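Reproduced below: my_file00.txt, with compact mmCIF, N, CA and C atoms.
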```txt
# COMPACT_ATOMS: atom_id res chain seq x y z
N MET V 1 1.90 5.38 3.16
CA MET V 1 0.64 6.09 3.08
C MET V 1 -0.34 5.25 2.25
N PRO V 2 -1.57 5.11 2.73
CA PRO V 2 -2.57 4.35 1.96
C PRO V 2 -2.96 5.07 0.68
N LEU V 3 -3.44 4.30 -0.27
CA LEU V 3 -3.92 4.86 -1.53
C LEU V 3 -5.40 5.22 -1.42
N SER V 4 -5.86 6.07 -2.32
CA SER V 4 -7.29 6.34 -2.42
C SER V 4 -7.96 5.13 -3.06
N PRO V 5 -9.20 4.83 -2.66
CA PRO V 5 -9.89 3.71 -3.30
C PRO V 5 -10.16 4.03 -4.77
N ARG V 6 -10.26 3.00 -5.57
CA ARG V 6 -10.53 3.17 -7.01
C ARG V 6 -12.02 3.25 -7.26
N ILE V 7 -12.37 3.96 -8.32
CA ILE V 7 -13.75 3.97 -8.78
C ILE V 7 -13.91 2.75 -9.67
N GLU V 8 -14.82 1.86 -9.29
CA GLU V 8 -15.04 0.63 -10.05
C GLU V 8 -16.05 0.81 -11.16
N LYS V 9 -17.03 1.68 -10.94
CA LYS V 9 -18.10 1.87 -11.92
C LYS V 9 -18.68 3.26 -11.76
N PHE V 10 -19.01 3.87 -12.88
CA PHE V 10 -19.59 5.22 -12.85
C PHE V 10 -20.73 5.29 -13.86
N SER V 11 -21.85 5.81 -13.42
CA SER V 11 -22.96 6.11 -14.32
C SER V 11 -23.68 7.32 -13.76
N TRP V 12 -24.66 7.82 -14.48
CA TRP V 12 -25.38 9.02 -14.06
C TRP V 12 -25.89 8.85 -12.63
N GLY V 13 -25.42 9.68 -11.69
CA GLY V 13 -25.89 9.67 -10.32
C GLY V 13 -25.46 8.48 -9.49
N LYS V 14 -24.46 7.72 -9.95
CA LYS V 14 -24.03 6.54 -9.20
C LYS V 14 -22.53 6.30 -9.40
N ILE V 15 -21.81 6.30 -8.29
CA ILE V 15 -20.39 6.01 -8.29
C ILE V 15 -20.18 4.81 -7.37
N VAL V 16 -19.62 3.73 -7.90
CA VAL V 16 -19.31 2.56 -7.10
C VAL V 16 -17.80 2.57 -6.84
N VAL V 17 -17.46 2.57 -5.56
CA VAL V 17 -16.06 2.69 -5.15
C VAL V 17 -15.56 1.32 -4.69
N GLU V 18 -14.29 1.08 -4.92
CA GLU V 18 -13.63 -0.14 -4.46
C GLU V 18 -14.04 -0.42 -3.01
N GLY V 19 -14.45 -1.64 -2.75
CA GLY V 19 -14.92 -2.00 -1.42
C GLY V 19 -16.44 -2.03 -1.33
N GLY V 20 -17.11 -1.55 -2.40
CA GLY V 20 -18.56 -1.66 -2.47
C GLY V 20 -19.37 -0.44 -2.10
N ALA V 21 -18.76 0.63 -1.63
CA ALA V 21 -19.52 1.84 -1.30
C ALA V 21 -20.13 2.43 -2.56
N ILE V 22 -21.35 2.92 -2.45
CA ILE V 22 -22.06 3.52 -3.57
C ILE V 22 -22.48 4.94 -3.18
N TYR V 23 -22.17 5.89 -4.05
CA TYR V 23 -22.46 7.30 -3.78
C TYR V 23 -23.10 7.95 -5.01
N LYS V 24 -23.84 9.04 -4.76
CA LYS V 24 -24.31 9.90 -5.85
C LYS V 24 -23.15 10.81 -6.27
N ASP V 25 -22.55 11.47 -5.29
CA ASP V 25 -21.33 12.27 -5.45
C ASP V 25 -20.38 11.81 -4.36
N ALA V 26 -19.09 11.80 -4.64
CA ALA V 26 -18.14 11.22 -3.69
C ALA V 26 -16.87 12.04 -3.56
N LYS V 27 -16.27 11.92 -2.38
CA LYS V 27 -14.91 12.39 -2.14
C LYS V 27 -14.07 11.15 -1.87
N LEU V 28 -12.98 11.01 -2.60
CA LEU V 28 -12.05 9.91 -2.39
C LEU V 28 -10.73 10.49 -1.93
N PHE V 29 -10.13 9.86 -0.94
CA PHE V 29 -8.89 10.36 -0.36
C PHE V 29 -8.08 9.17 0.14
N PRO V 30 -6.79 9.37 0.43
CA PRO V 30 -5.97 8.24 0.87
C PRO V 30 -6.62 7.53 2.06
N GLY V 31 -6.93 6.26 1.85
CA GLY V 31 -7.48 5.44 2.91
C GLY V 31 -8.99 5.48 3.07
N GLY V 32 -9.71 6.21 2.22
CA GLY V 32 -11.15 6.24 2.42
C GLY V 32 -11.93 6.98 1.36
N SER V 33 -13.23 7.02 1.59
CA SER V 33 -14.16 7.75 0.72
C SER V 33 -15.40 8.07 1.53
N ARG V 34 -16.18 9.02 1.03
CA ARG V 34 -17.45 9.33 1.67
C ARG V 34 -18.35 10.05 0.68
N GLU V 35 -19.64 10.13 1.03
CA GLU V 35 -20.60 10.88 0.23
C GLU V 35 -20.18 12.35 0.24
N TRP V 36 -20.29 13.00 -0.90
CA TRP V 36 -20.00 14.43 -0.99
C TRP V 36 -21.32 15.18 -1.03
N ASN V 37 -21.63 15.88 0.05
CA ASN V 37 -22.84 16.67 0.16
C ASN V 37 -22.49 18.12 -0.16
N TRP V 38 -22.90 18.60 -1.32
CA TRP V 38 -22.58 19.96 -1.75
C TRP V 38 -23.10 21.00 -0.78
N ASN V 39 -24.16 20.70 -0.07
CA ASN V 39 -24.74 21.68 0.86
C ASN V 39 -23.82 22.01 2.03
N GLU V 40 -22.86 21.15 2.31
CA GLU V 40 -21.93 21.41 3.42
C GLU V 40 -21.14 22.71 3.21
N THR V 41 -20.84 23.02 1.97
CA THR V 41 -19.98 24.19 1.69
C THR V 41 -20.61 25.19 0.73
N GLY V 42 -21.85 24.94 0.33
CA GLY V 42 -22.51 25.85 -0.61
C GLY V 42 -22.09 25.65 -2.05
N THR V 43 -21.54 24.50 -2.37
CA THR V 43 -21.15 24.21 -3.73
C THR V 43 -22.38 24.14 -4.63
N ASN V 44 -22.26 24.70 -5.82
CA ASN V 44 -23.30 24.56 -6.85
C ASN V 44 -22.61 24.65 -8.20
N HIS V 45 -23.34 24.36 -9.25
CA HIS V 45 -22.73 24.31 -10.59
C HIS V 45 -22.03 25.61 -10.97
N GLU V 46 -22.68 26.75 -10.74
CA GLU V 46 -22.15 28.02 -11.22
C GLU V 46 -21.00 28.55 -10.36
N ASP V 47 -21.14 28.48 -9.02
CA ASP V 47 -20.08 28.99 -8.15
C ASP V 47 -18.91 28.02 -8.07
N GLY V 48 -19.17 26.78 -8.38
CA GLY V 48 -18.11 25.79 -8.48
C GLY V 48 -17.69 25.16 -7.18
N ILE V 49 -16.72 24.28 -7.31
CA ILE V 49 -16.14 23.57 -6.17
C ILE V 49 -15.39 24.59 -5.32
N GLN V 50 -15.69 24.59 -4.03
CA GLN V 50 -15.15 25.58 -3.10
C GLN V 50 -13.88 25.07 -2.42
N PRO V 51 -13.02 26.00 -1.93
CA PRO V 51 -11.83 25.57 -1.19
C PRO V 51 -12.17 24.65 -0.02
N ALA V 52 -13.27 24.91 0.65
CA ALA V 52 -13.67 24.06 1.79
C ALA V 52 -13.95 22.63 1.34
N ASP V 53 -14.30 22.44 0.07
CA ASP V 53 -14.55 21.09 -0.44
C ASP V 53 -13.28 20.25 -0.47
N VAL V 54 -12.13 20.88 -0.59
CA VAL V 54 -10.88 20.12 -0.69
C VAL V 54 -10.12 20.04 0.63
N ASP V 55 -10.54 20.81 1.64
CA ASP V 55 -9.85 20.77 2.93
C ASP V 55 -9.72 19.35 3.48
N GLU V 56 -10.82 18.61 3.47
CA GLU V 56 -10.83 17.26 4.00
C GLU V 56 -9.84 16.36 3.24
N LEU V 57 -9.77 16.56 1.93
CA LEU V 57 -8.86 15.74 1.13
C LEU V 57 -7.41 16.00 1.51
N ILE V 58 -7.07 17.27 1.67
CA ILE V 58 -5.71 17.64 2.05
C ILE V 58 -5.39 17.13 3.44
N LYS V 59 -6.34 17.29 4.37
CA LYS V 59 -6.13 16.82 5.75
C LYS V 59 -5.94 15.31 5.81
N ASN V 60 -6.48 14.60 4.82
CA ASN V 60 -6.33 13.14 4.77
C ASN V 60 -5.14 12.70 3.92
N GLY V 61 -4.28 13.64 3.55
CA GLY V 61 -3.03 13.29 2.90
C GLY V 61 -3.00 13.35 1.39
N ALA V 62 -4.05 13.85 0.77
CA ALA V 62 -4.06 13.95 -0.70
C ALA V 62 -2.97 14.93 -1.16
N LYS V 63 -2.18 14.51 -2.10
CA LYS V 63 -1.14 15.37 -2.70
C LYS V 63 -1.56 15.87 -4.08
N THR V 64 -2.41 15.12 -4.72
CA THR V 64 -2.95 15.48 -6.03
C THR V 64 -4.47 15.38 -5.93
N ILE V 65 -5.17 16.39 -6.46
CA ILE V 65 -6.63 16.38 -6.43
C ILE V 65 -7.14 16.46 -7.86
N ILE V 66 -8.00 15.54 -8.20
CA ILE V 66 -8.62 15.51 -9.52
C ILE V 66 -10.09 15.87 -9.33
N PHE V 67 -10.52 16.91 -10.03
CA PHE V 67 -11.90 17.36 -9.93
C PHE V 67 -12.72 16.74 -11.05
N GLY V 68 -13.77 16.03 -10.67
CA GLY V 68 -14.74 15.55 -11.65
C GLY V 68 -15.81 16.62 -11.79
N CYS V 69 -16.11 17.00 -12.99
CA CYS V 69 -17.05 18.11 -13.21
C CYS V 69 -18.39 17.65 -13.74
N GLY V 70 -18.69 16.38 -13.59
CA GLY V 70 -20.00 15.86 -13.96
C GLY V 70 -20.06 15.33 -15.38
N VAL V 71 -21.12 14.57 -15.64
CA VAL V 71 -21.31 13.94 -16.94
C VAL V 71 -21.33 14.98 -18.06
N TYR V 72 -22.01 16.09 -17.81
CA TYR V 72 -22.11 17.15 -18.83
C TYR V 72 -21.12 18.29 -18.59
N GLU V 73 -20.18 18.07 -17.69
CA GLU V 73 -19.13 19.04 -17.36
C GLU V 73 -19.70 20.39 -16.98
N ARG V 74 -20.78 20.39 -16.20
CA ARG V 74 -21.44 21.63 -15.78
C ARG V 74 -20.91 22.17 -14.45
N LEU V 75 -20.27 21.32 -13.66
CA LEU V 75 -19.75 21.77 -12.37
C LEU V 75 -18.43 22.50 -12.59
N GLU V 76 -18.42 23.76 -12.22
CA GLU V 76 -17.22 24.59 -12.35
C GLU V 76 -16.27 24.32 -11.19
N VAL V 77 -15.03 24.75 -11.33
CA VAL V 77 -14.07 24.76 -10.23
C VAL V 77 -13.75 26.22 -9.96
N ASN V 78 -14.09 26.68 -8.78
CA ASN V 78 -13.88 28.06 -8.38
C ASN V 78 -12.41 28.45 -8.58
N GLU V 79 -12.14 29.64 -9.07
CA GLU V 79 -10.77 30.08 -9.31
C GLU V 79 -9.94 30.10 -8.02
N ILE V 80 -10.57 30.48 -6.92
CA ILE V 80 -9.86 30.48 -5.62
C ILE V 80 -9.45 29.05 -5.26
N THR V 81 -10.32 28.09 -5.56
CA THR V 81 -10.02 26.68 -5.28
C THR V 81 -8.82 26.24 -6.10
N LYS V 82 -8.76 26.64 -7.36
CA LYS V 82 -7.63 26.26 -8.22
C LYS V 82 -6.31 26.78 -7.64
N LYS V 83 -6.32 28.00 -7.14
CA LYS V 83 -5.10 28.59 -6.55
C LYS V 83 -4.76 27.91 -5.24
N TYR V 84 -5.77 27.55 -4.49
CA TYR V 84 -5.61 26.90 -3.19
C TYR V 84 -4.87 25.58 -3.35
```

Could I get this file's structure written as structure tokens?
Amino acid sequence: MPLSPRIEKFSWGKIVVEGGAIYKDAKLFPGGSREWNWNETGTNHEDGIQPADVDELIKNGAKTIIFGCGVYERLEVNEITKKY
């Protein structure tokens, strides 16, 4: 199974991923990465990361998921997502 790409550099609003991809917010999973658009699932700081946000990661073979909650740790993780 392929590994998830590494984060090479992180700063406010910029994530540089192994291989040169640059994102504002990102999803990393075994064998790839992509821009994470919160609008796809209705994610916001208060309601938190939604179960639908992790579906793609699981479908791509992720066994462990690490949630980044932002520089100021304002992004919540929905309780349903934690159980999921």

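With only C-alpha atoms as the atoms that count, the minimum distance from Gly32 (chain V) to the choices V:Gly13, V:Asp47, V:Asn60, V:Glu79 is reached by V:Asn60.
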
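Take CA of Tyr72 (chain V) and CA of Ser33 (chain V): the distance between them is 23.1 Å.
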
Notebook entry, point to check: With all atoms listed in the file as the atoms that count, which of V:Glu76, V:Glu40, V:Asp25, V:Glu18 lies nearest to Ala52 (chain V)?
Noted result: V:Glu40

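In this comparison, which uses only C-alpha atoms, the residue of V:Glu46, V:Lys9, V:Lys82, V:Ser4 approaching Arg34 (chain V) most closely is V:Ser4.
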
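Atom N of Met1 (chain V) lies 23.8 Å from atom N of Trp36 (chain V).
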
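Separating CA of Val16 (chain V) from CA of Tyr84 (chain V) is a distance of 28.2 Å.
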
Checklist line | Every residue of chain V that DSSP places in strand (DSSP E or B), as a list of chain:residue names | finding: V:Ile7, V:Glu8, V:Lys9, V:Phe10, V:Ser11, V:Lys14, V:Ile15, V:Val16, V:Val17, V:Ile22, V:Tyr23, V:Ala26, V:Lys27, V:Leu28, V:Phe29, V:Gly32, V:Ser33, V:Arg34, V:Glu35, V:Asn44, V:Gly48, V:Ile49, V:Val77

Item checked: Test item, helix (DSSP H, G or I) assignment across region 17-79 of chain V, answer as number ranges by chain -> V: 38-40, 51-59, 79

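Minimum atom-to-atom distances from V:Gly68, V:Gly42, V:Pro51, V:Gly61 to Ile80 (chain V) were compared using all atoms listed in the file, and the lowest value belongs to V:Pro51.
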